[in-house]
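> Input upload-v5.txt, format and content: compact mmCIF, N, CA and C atoms and all ligand atoms.
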```txt
# COMPACT_ATOMS: atom_id res chain seq x y z
N MET A 24 25.34 26.03 -3.50
CA MET A 24 25.91 25.99 -2.13
C MET A 24 25.71 27.34 -1.42
N HIS A 25 25.24 27.28 -0.25
CA HIS A 25 24.99 28.42 0.63
C HIS A 25 26.23 29.34 0.74
N GLU A 26 27.38 28.75 0.95
CA GLU A 26 28.60 29.53 1.15
C GLU A 26 29.01 30.32 -0.10
N MET A 27 28.73 29.75 -1.28
CA MET A 27 29.14 30.45 -2.51
C MET A 27 28.43 31.79 -2.63
N GLY A 28 27.16 31.83 -2.30
CA GLY A 28 26.40 33.09 -2.36
C GLY A 28 26.99 34.13 -1.42
N ILE A 29 27.37 33.67 -0.24
CA ILE A 29 27.96 34.57 0.75
C ILE A 29 29.28 35.12 0.25
N VAL A 30 30.10 34.22 -0.32
CA VAL A 30 31.41 34.62 -0.82
C VAL A 30 31.27 35.66 -1.94
N LEU A 31 30.30 35.46 -2.82
CA LEU A 31 30.11 36.42 -3.91
C LEU A 31 29.73 37.79 -3.36
N GLN A 32 28.94 37.80 -2.32
CA GLN A 32 28.58 39.06 -1.67
C GLN A 32 29.80 39.73 -1.04
N ILE A 33 30.61 38.93 -0.37
CA ILE A 33 31.82 39.45 0.26
C ILE A 33 32.73 40.10 -0.79
N ILE A 34 32.89 39.39 -1.92
CA ILE A 34 33.76 39.90 -2.98
C ILE A 34 33.20 41.21 -3.56
N ASP A 35 31.88 41.25 -3.73
CA ASP A 35 31.22 42.46 -4.23
C ASP A 35 31.47 43.65 -3.32
N VAL A 36 31.24 43.44 -2.03
CA VAL A 36 31.42 44.52 -1.05
C VAL A 36 32.89 44.92 -1.00
N ALA A 37 33.78 43.94 -1.00
CA ALA A 37 35.21 44.22 -0.93
C ALA A 37 35.65 45.05 -2.15
N LYS A 38 35.20 44.62 -3.33
CA LYS A 38 35.56 45.34 -4.56
C LYS A 38 35.11 46.79 -4.50
N SER A 39 33.88 47.01 -4.05
CA SER A 39 33.35 48.37 -4.07
C SER A 39 33.92 49.22 -2.94
N SER A 40 34.59 48.58 -1.97
CA SER A 40 35.16 49.40 -0.90
C SER A 40 36.63 49.74 -1.12
N ILE A 41 37.19 49.26 -2.22
CA ILE A 41 38.57 49.63 -2.54
C ILE A 41 38.57 51.01 -3.20
N PRO A 42 39.31 51.96 -2.64
CA PRO A 42 39.33 53.32 -3.23
C PRO A 42 39.84 53.30 -4.67
N GLU A 43 39.29 54.22 -5.47
CA GLU A 43 39.62 54.30 -6.89
C GLU A 43 41.13 54.32 -7.15
N ASN A 44 41.88 55.08 -6.34
CA ASN A 44 43.33 55.22 -6.58
C ASN A 44 44.14 54.02 -6.10
N MET A 45 43.45 52.99 -5.57
CA MET A 45 44.17 51.81 -5.11
C MET A 45 43.78 50.57 -5.90
N LYS A 46 43.03 50.77 -6.98
CA LYS A 46 42.52 49.64 -7.75
C LYS A 46 43.61 48.74 -8.35
N ASN A 47 44.82 49.30 -8.54
CA ASN A 47 45.88 48.49 -9.15
C ASN A 47 46.71 47.72 -8.13
N ILE A 48 46.46 48.00 -6.86
CA ILE A 48 47.22 47.31 -5.81
C ILE A 48 46.53 46.00 -5.46
N PRO A 49 47.29 44.90 -5.48
CA PRO A 49 46.64 43.62 -5.18
C PRO A 49 46.12 43.55 -3.74
N VAL A 50 44.99 42.90 -3.59
CA VAL A 50 44.45 42.67 -2.26
C VAL A 50 45.09 41.40 -1.70
N GLU A 51 45.59 41.48 -0.47
CA GLU A 51 46.21 40.30 0.12
C GLU A 51 45.24 39.48 0.96
N LYS A 52 44.47 40.19 1.75
CA LYS A 52 43.59 39.48 2.67
C LYS A 52 42.30 40.24 2.89
N VAL A 53 41.24 39.50 3.00
CA VAL A 53 39.97 40.10 3.38
C VAL A 53 39.60 39.52 4.75
N HIS A 54 39.53 40.39 5.75
CA HIS A 54 39.20 39.94 7.10
C HIS A 54 37.69 40.03 7.30
N ILE A 55 37.11 38.91 7.67
CA ILE A 55 35.68 38.93 7.96
C ILE A 55 35.42 38.32 9.33
N GLN A 56 34.28 38.64 9.88
CA GLN A 56 33.88 37.96 11.11
C GLN A 56 32.52 37.33 10.91
N ILE A 57 32.41 36.09 11.39
CA ILE A 57 31.13 35.41 11.26
C ILE A 57 30.67 34.92 12.63
N GLY A 58 29.43 35.12 12.90
CA GLY A 58 28.85 34.65 14.15
C GLY A 58 28.63 33.15 14.09
N LYS A 59 28.75 32.52 15.24
CA LYS A 59 28.59 31.06 15.27
C LYS A 59 27.15 30.63 14.98
N LEU A 60 26.22 31.57 14.99
CA LEU A 60 24.83 31.23 14.66
C LEU A 60 24.54 31.45 13.19
N SER A 61 25.51 31.95 12.43
CA SER A 61 25.24 32.26 11.04
C SER A 61 25.23 31.01 10.16
N ALA A 62 25.53 29.85 10.73
CA ALA A 62 25.47 28.57 10.03
C ALA A 62 26.37 28.54 8.80
N VAL A 63 27.55 29.15 8.93
CA VAL A 63 28.50 29.15 7.84
C VAL A 63 29.71 28.32 8.26
N VAL A 64 30.17 27.46 7.36
CA VAL A 64 31.34 26.64 7.67
C VAL A 64 32.58 27.35 7.13
N PRO A 65 33.50 27.77 8.02
CA PRO A 65 34.68 28.51 7.57
C PRO A 65 35.46 27.80 6.47
N ASP A 66 35.62 26.49 6.54
CA ASP A 66 36.37 25.75 5.52
C ASP A 66 35.72 25.89 4.15
N SER A 67 34.40 25.77 4.11
CA SER A 67 33.68 25.90 2.84
C SER A 67 33.80 27.31 2.30
N LEU A 68 33.79 28.26 3.21
CA LEU A 68 33.90 29.66 2.82
C LEU A 68 35.25 29.92 2.15
N ASN A 69 36.32 29.39 2.76
CA ASN A 69 37.66 29.52 2.19
C ASN A 69 37.73 28.87 0.81
N PHE A 70 37.15 27.70 0.72
CA PHE A 70 37.16 26.93 -0.52
C PHE A 70 36.45 27.71 -1.63
N CYS A 71 35.26 28.21 -1.32
CA CYS A 71 34.49 28.97 -2.32
C CYS A 71 35.19 30.27 -2.69
N PHE A 72 35.80 30.91 -1.70
CA PHE A 72 36.49 32.18 -1.94
C PHE A 72 37.61 31.99 -2.96
N ASP A 73 38.40 30.93 -2.76
CA ASP A 73 39.52 30.66 -3.69
C ASP A 73 39.03 30.49 -5.12
N ILE A 74 37.87 29.87 -5.29
CA ILE A 74 37.32 29.67 -6.63
C ILE A 74 36.76 30.99 -7.17
N ALA A 75 36.03 31.69 -6.32
CA ALA A 75 35.27 32.86 -6.76
C ALA A 75 36.13 34.08 -7.09
N VAL A 76 37.34 34.17 -6.49
CA VAL A 76 38.15 35.36 -6.75
C VAL A 76 38.88 35.32 -8.09
N LYS A 77 38.88 34.15 -8.72
CA LYS A 77 39.56 34.04 -10.01
C LYS A 77 38.98 35.05 -11.00
N ASP A 78 39.88 35.74 -11.73
CA ASP A 78 39.47 36.74 -12.71
C ASP A 78 38.70 37.92 -12.11
N THR A 79 38.90 38.19 -10.83
CA THR A 79 38.36 39.41 -10.23
C THR A 79 39.56 40.20 -9.70
N PRO A 80 39.35 41.48 -9.33
CA PRO A 80 40.46 42.26 -8.78
C PRO A 80 41.01 41.66 -7.49
N LEU A 81 40.30 40.68 -6.92
CA LEU A 81 40.74 40.10 -5.66
C LEU A 81 41.51 38.80 -5.86
N GLU A 82 41.80 38.45 -7.10
CA GLU A 82 42.50 37.20 -7.37
C GLU A 82 43.79 37.13 -6.57
N GLY A 83 44.02 36.00 -5.91
CA GLY A 83 45.23 35.82 -5.12
C GLY A 83 45.06 36.20 -3.66
N ALA A 84 43.95 36.86 -3.35
CA ALA A 84 43.71 37.25 -1.96
C ALA A 84 43.24 36.03 -1.16
N SER A 85 43.43 36.11 0.16
CA SER A 85 42.90 35.04 0.98
C SER A 85 41.92 35.61 2.00
N LEU A 86 41.17 34.72 2.58
CA LEU A 86 40.13 35.11 3.51
C LEU A 86 40.62 34.84 4.93
N ALA A 87 40.51 35.82 5.80
CA ALA A 87 40.86 35.61 7.21
C ALA A 87 39.55 35.66 8.00
N ILE A 88 39.21 34.54 8.57
CA ILE A 88 37.89 34.43 9.22
C ILE A 88 38.03 34.45 10.74
N LYS A 89 37.27 35.33 11.36
CA LYS A 89 37.22 35.38 12.81
C LYS A 89 35.82 34.95 13.23
N GLU A 90 35.76 33.95 14.08
CA GLU A 90 34.46 33.49 14.54
C GLU A 90 34.04 34.24 15.80
N VAL A 91 32.82 34.72 15.78
CA VAL A 91 32.30 35.47 16.92
C VAL A 91 31.39 34.56 17.73
N PRO A 92 31.63 34.49 19.04
CA PRO A 92 30.76 33.63 19.84
C PRO A 92 29.34 34.20 19.93
N VAL A 93 28.43 33.33 20.29
CA VAL A 93 27.04 33.76 20.43
C VAL A 93 26.88 34.39 21.82
N THR A 94 26.43 35.63 21.85
CA THR A 94 26.19 36.30 23.12
C THR A 94 24.69 36.45 23.34
N LEU A 95 24.25 36.02 24.48
CA LEU A 95 22.84 36.10 24.82
C LEU A 95 22.64 37.04 26.00
N LYS A 96 21.46 37.61 26.08
CA LYS A 96 21.14 38.46 27.22
C LYS A 96 19.75 38.11 27.72
N CYS A 97 19.65 37.93 29.01
CA CYS A 97 18.36 37.60 29.61
C CYS A 97 17.54 38.88 29.76
N SER A 98 16.32 38.85 29.23
CA SER A 98 15.47 40.03 29.33
C SER A 98 14.83 40.13 30.71
N ASN A 99 14.93 39.06 31.43
CA ASN A 99 14.32 39.03 32.76
C ASN A 99 15.23 39.65 33.82
N CYS A 100 16.51 39.18 33.87
CA CYS A 100 17.39 39.67 34.94
C CYS A 100 18.57 40.49 34.42
N GLY A 101 18.75 40.54 33.07
CA GLY A 101 19.81 41.38 32.52
C GLY A 101 21.16 40.72 32.39
N LYS A 102 21.30 39.48 32.82
CA LYS A 102 22.59 38.80 32.70
C LYS A 102 22.90 38.52 31.22
N SER A 103 24.18 38.69 30.83
CA SER A 103 24.56 38.29 29.47
C SER A 103 25.72 37.31 29.53
N TRP A 104 25.79 36.43 28.57
CA TRP A 104 26.82 35.39 28.56
C TRP A 104 27.02 34.88 27.15
N THR A 105 28.12 34.18 26.90
CA THR A 105 28.37 33.63 25.56
C THR A 105 28.28 32.11 25.60
N ILE A 106 27.88 31.53 24.48
CA ILE A 106 27.72 30.08 24.40
C ILE A 106 28.32 29.55 23.11
N ASP A 107 28.62 28.26 23.11
CA ASP A 107 29.10 27.60 21.90
C ASP A 107 27.97 26.83 21.23
N THR A 108 27.09 26.30 22.05
CA THR A 108 25.94 25.57 21.50
C THR A 108 24.68 26.29 21.95
N PRO A 109 23.71 26.36 21.08
CA PRO A 109 22.52 27.13 21.43
C PRO A 109 21.70 26.50 22.56
N VAL A 110 21.78 27.11 23.72
CA VAL A 110 20.91 26.75 24.84
C VAL A 110 20.27 28.07 25.26
N PHE A 111 19.01 28.21 24.90
CA PHE A 111 18.39 29.52 25.08
C PHE A 111 17.63 29.62 26.39
N LYS A 112 18.42 29.57 27.45
CA LYS A 112 17.85 29.65 28.79
C LYS A 112 18.85 30.41 29.65
N CYS A 113 18.36 31.35 30.45
CA CYS A 113 19.26 32.15 31.27
C CYS A 113 20.00 31.27 32.27
N GLN A 114 21.33 31.51 32.35
CA GLN A 114 22.15 30.72 33.27
C GLN A 114 21.89 31.09 34.72
N LYS A 115 21.36 32.28 34.91
CA LYS A 115 21.20 32.77 36.27
C LYS A 115 19.81 32.49 36.82
N CYS A 116 18.79 32.97 36.09
CA CYS A 116 17.44 32.85 36.64
C CYS A 116 16.57 31.83 35.91
N LYS A 117 17.19 31.15 34.88
CA LYS A 117 16.50 30.09 34.12
C LYS A 117 15.36 30.60 33.25
N SER A 118 15.25 31.92 33.10
CA SER A 118 14.22 32.48 32.22
C SER A 118 14.54 32.11 30.77
N THR A 119 13.52 31.96 29.94
CA THR A 119 13.76 31.71 28.52
C THR A 119 13.46 32.98 27.71
N ASN A 120 13.25 34.06 28.40
CA ASN A 120 12.97 35.35 27.78
C ASN A 120 14.30 36.06 27.50
N ILE A 121 15.00 35.62 26.42
CA ILE A 121 16.34 36.14 26.17
C ILE A 121 16.49 36.72 24.78
N GLU A 122 17.48 37.56 24.66
CA GLU A 122 17.77 38.30 23.45
C GLU A 122 19.10 37.80 22.89
N ILE A 123 19.25 37.77 21.56
CA ILE A 123 20.55 37.42 20.99
C ILE A 123 21.30 38.73 20.69
N LEU A 124 22.40 38.95 21.40
CA LEU A 124 23.17 40.19 21.23
C LEU A 124 24.16 40.06 20.07
N SER A 125 24.81 38.90 19.95
CA SER A 125 25.72 38.69 18.84
C SER A 125 25.75 37.21 18.51
N GLY A 126 26.30 36.89 17.32
CA GLY A 126 26.36 35.50 16.92
C GLY A 126 25.78 35.26 15.54
N ARG A 127 25.06 36.28 15.02
CA ARG A 127 24.48 36.15 13.68
C ARG A 127 25.25 36.95 12.65
N GLU A 128 26.29 37.67 13.04
CA GLU A 128 26.92 38.58 12.11
C GLU A 128 27.75 37.91 11.03
N LEU A 129 27.86 38.63 9.93
CA LEU A 129 28.75 38.22 8.86
C LEU A 129 29.22 39.54 8.25
N ASP A 130 30.33 40.03 8.72
CA ASP A 130 30.79 41.35 8.33
C ASP A 130 32.21 41.33 7.79
N ILE A 131 32.48 42.25 6.88
CA ILE A 131 33.86 42.47 6.47
C ILE A 131 34.46 43.44 7.46
N ILE A 132 35.54 43.06 8.12
CA ILE A 132 36.17 43.94 9.10
C ILE A 132 37.17 44.86 8.40
N SER A 133 38.05 44.28 7.60
CA SER A 133 39.05 45.11 6.91
C SER A 133 39.59 44.38 5.69
N ILE A 134 40.20 45.15 4.84
CA ILE A 134 40.80 44.61 3.62
C ILE A 134 42.27 44.99 3.63
N GLU A 135 43.13 44.00 3.46
CA GLU A 135 44.57 44.25 3.51
C GLU A 135 45.10 44.32 2.09
N MET A 136 45.70 45.45 1.74
CA MET A 136 46.27 45.58 0.41
C MET A 136 47.76 45.24 0.48
N ALA A 137 48.34 44.85 -0.67
CA ALA A 137 49.77 44.59 -0.71
C ALA A 137 50.53 45.90 -0.46
N GLN A 138 51.72 45.80 0.10
CA GLN A 138 52.53 47.00 0.31
C GLN A 138 52.92 47.59 -1.04
N ASP A 139 53.07 48.91 -1.06
CA ASP A 139 53.52 49.54 -2.29
C ASP A 139 54.88 49.00 -2.69
N PRO A 140 55.09 48.76 -4.00
CA PRO A 140 56.38 48.23 -4.43
C PRO A 140 57.53 49.21 -4.18
ZN ZN A 201 17.98 35.81 33.83
```
Could you render the structure from this file as structure tokens?
Ligand SMILES: [Zn+2]

Amino acid sequence: MHEMGIVLQIIDVAKSSIPENMKNIPVEKVHIQIGKLSAVVPDSLNFCFDIAVKDTPLEGASLAIKEVPVTLKCSNCGKSWTIDTPVFKCQKCKSTNIEILSGRELDIISIEMAQDP
């Protein structure tokens, strides 16, 4: 499954970004953002994450997913706009000479650790 590979990467990056002196503190949430063009289904991602964190330092953590809209920019007239469905044509001048500014990302934004006891 496509999502499982992504989840394993997220867990890897999350694990390596936890500072050495915080390794014993449980992770509560991993905040990620995914672009609507990244072809990732948030539900599947959550499902895979729950399975994949077992027996890792992230066990018990949950995934908080923020979806980023697709932002396009016309190379002809400079107009930029966001879309939900891919229509790659400028809304203003109808040019098809456009750039994708956002919508493909898959990033870890932050990691929430449990409060100190
Ligand atoms: Zn244009």
> Hey, which residues come within 7 Å of ligand ZN 201 (chain A) if we count only C-alpha atoms and all ligand atoms? Could you give them as a PyMOL selection string?
chain A and resi 97-102+113-118
> Near range 31-43 of chain A, within 8 Å and counting all atoms listed in the file, which residues show up once chain neighbours fewer than 4 positions away are dropped, as a list in words?
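Neighbouring residues, sequence-local ones excluded: Glu26, Met27, Asn47, Val53, Cys71, Phe72, Ala75, Val76, Pro80, Leu81, Asp130, Ile131, Ser133 and Ile134 of chain A.
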> Using backbone DSSP assignments, extract all alpha helix (DSSP H) residues from range 70-101 of chain A; output them as a VMD selection string.
chain A and resid 70 to 75
> Between atom C of Glu122 in chain A and atom C of Val93 in chain A, measure the distance and give it in Å to one decimal.
8.6 Å
> For Ser125 in chain A, which residue out of A:Lys112, A:Lys52, A:Lys77, A:Lys59 is the nearest one, using all atoms listed in the file?
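The shortest atom-to-atom distance to Ser125 in chain A comes from A:Lys59.
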> One decimal, Å: what's the distance from atom C of Ser67 in chain A over to atom N of Ile55 in chain A, could you say?
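Value for the atom C of Ser67 in chain A-atom N of Ile55 in chain A distance: 13.2 Å.
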> Enumerate as a VMD selection string all residues of chain A assigned to strand (DSSP E) by DSSP on the backbone, naming them with the chain letters and numbers the document uses.
chain A and resid 50 to 58 85 to 91 93 to 97 103 to 106 121 to 125 129 to 136
> From the options A:Val50, A:Leu68, A:Leu95, A:Leu60, which residue's atoms come nearest to Arg127 in chain A, counting all atoms listed in the file?
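Using all atoms listed in the file, Arg127 in chain A sits closest to A:Leu60.
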> What does the distance from atom C of Trp104 in chain A to CA of Ile121 in chain A come to in Å, to one decimal?
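Between these atoms lies a distance of 10.8 Å.
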> Measuring between all atoms listed in the file, which one of A:Lys96, A:Ala87, A:Phe111, A:Thr119 shows the shortest distance to Gln56 in chain A?
A:Ala87
> Here is a test: counting only N, CA and C atoms, which residue of A:Ala137, A:Ile74, A:Thr79, A:Leu124 is nearest to Pro92 in chain A?
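That would be A:Leu124, the residue with the smallest distance to Pro92 in chain A.
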> Excluding Ile57 in chain A and its own-chain neighbours fewer than 5 positions away, which residues fall within 5 Å of it when counting all atoms listed in the file? Please give them as a list of chain:residue names.
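With the cut-off at 5 Å, the set is A:Lys89, A:Glu90, A:Val91, A:Glu128, A:Leu129.
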> Given the choices A:Pro65, A:Gly28, A:Pro49, A:Gly126, which gets closest to Ala84 in chain A if the distance is worked out from all atoms listed in the file?
A:Pro49
> Given the choices A:Ile132, A:Met45, A:Leu86, A:His54, which gets closest to Asn69 in chain A if the distance is worked out from all atoms listed in the file?
A:Leu86
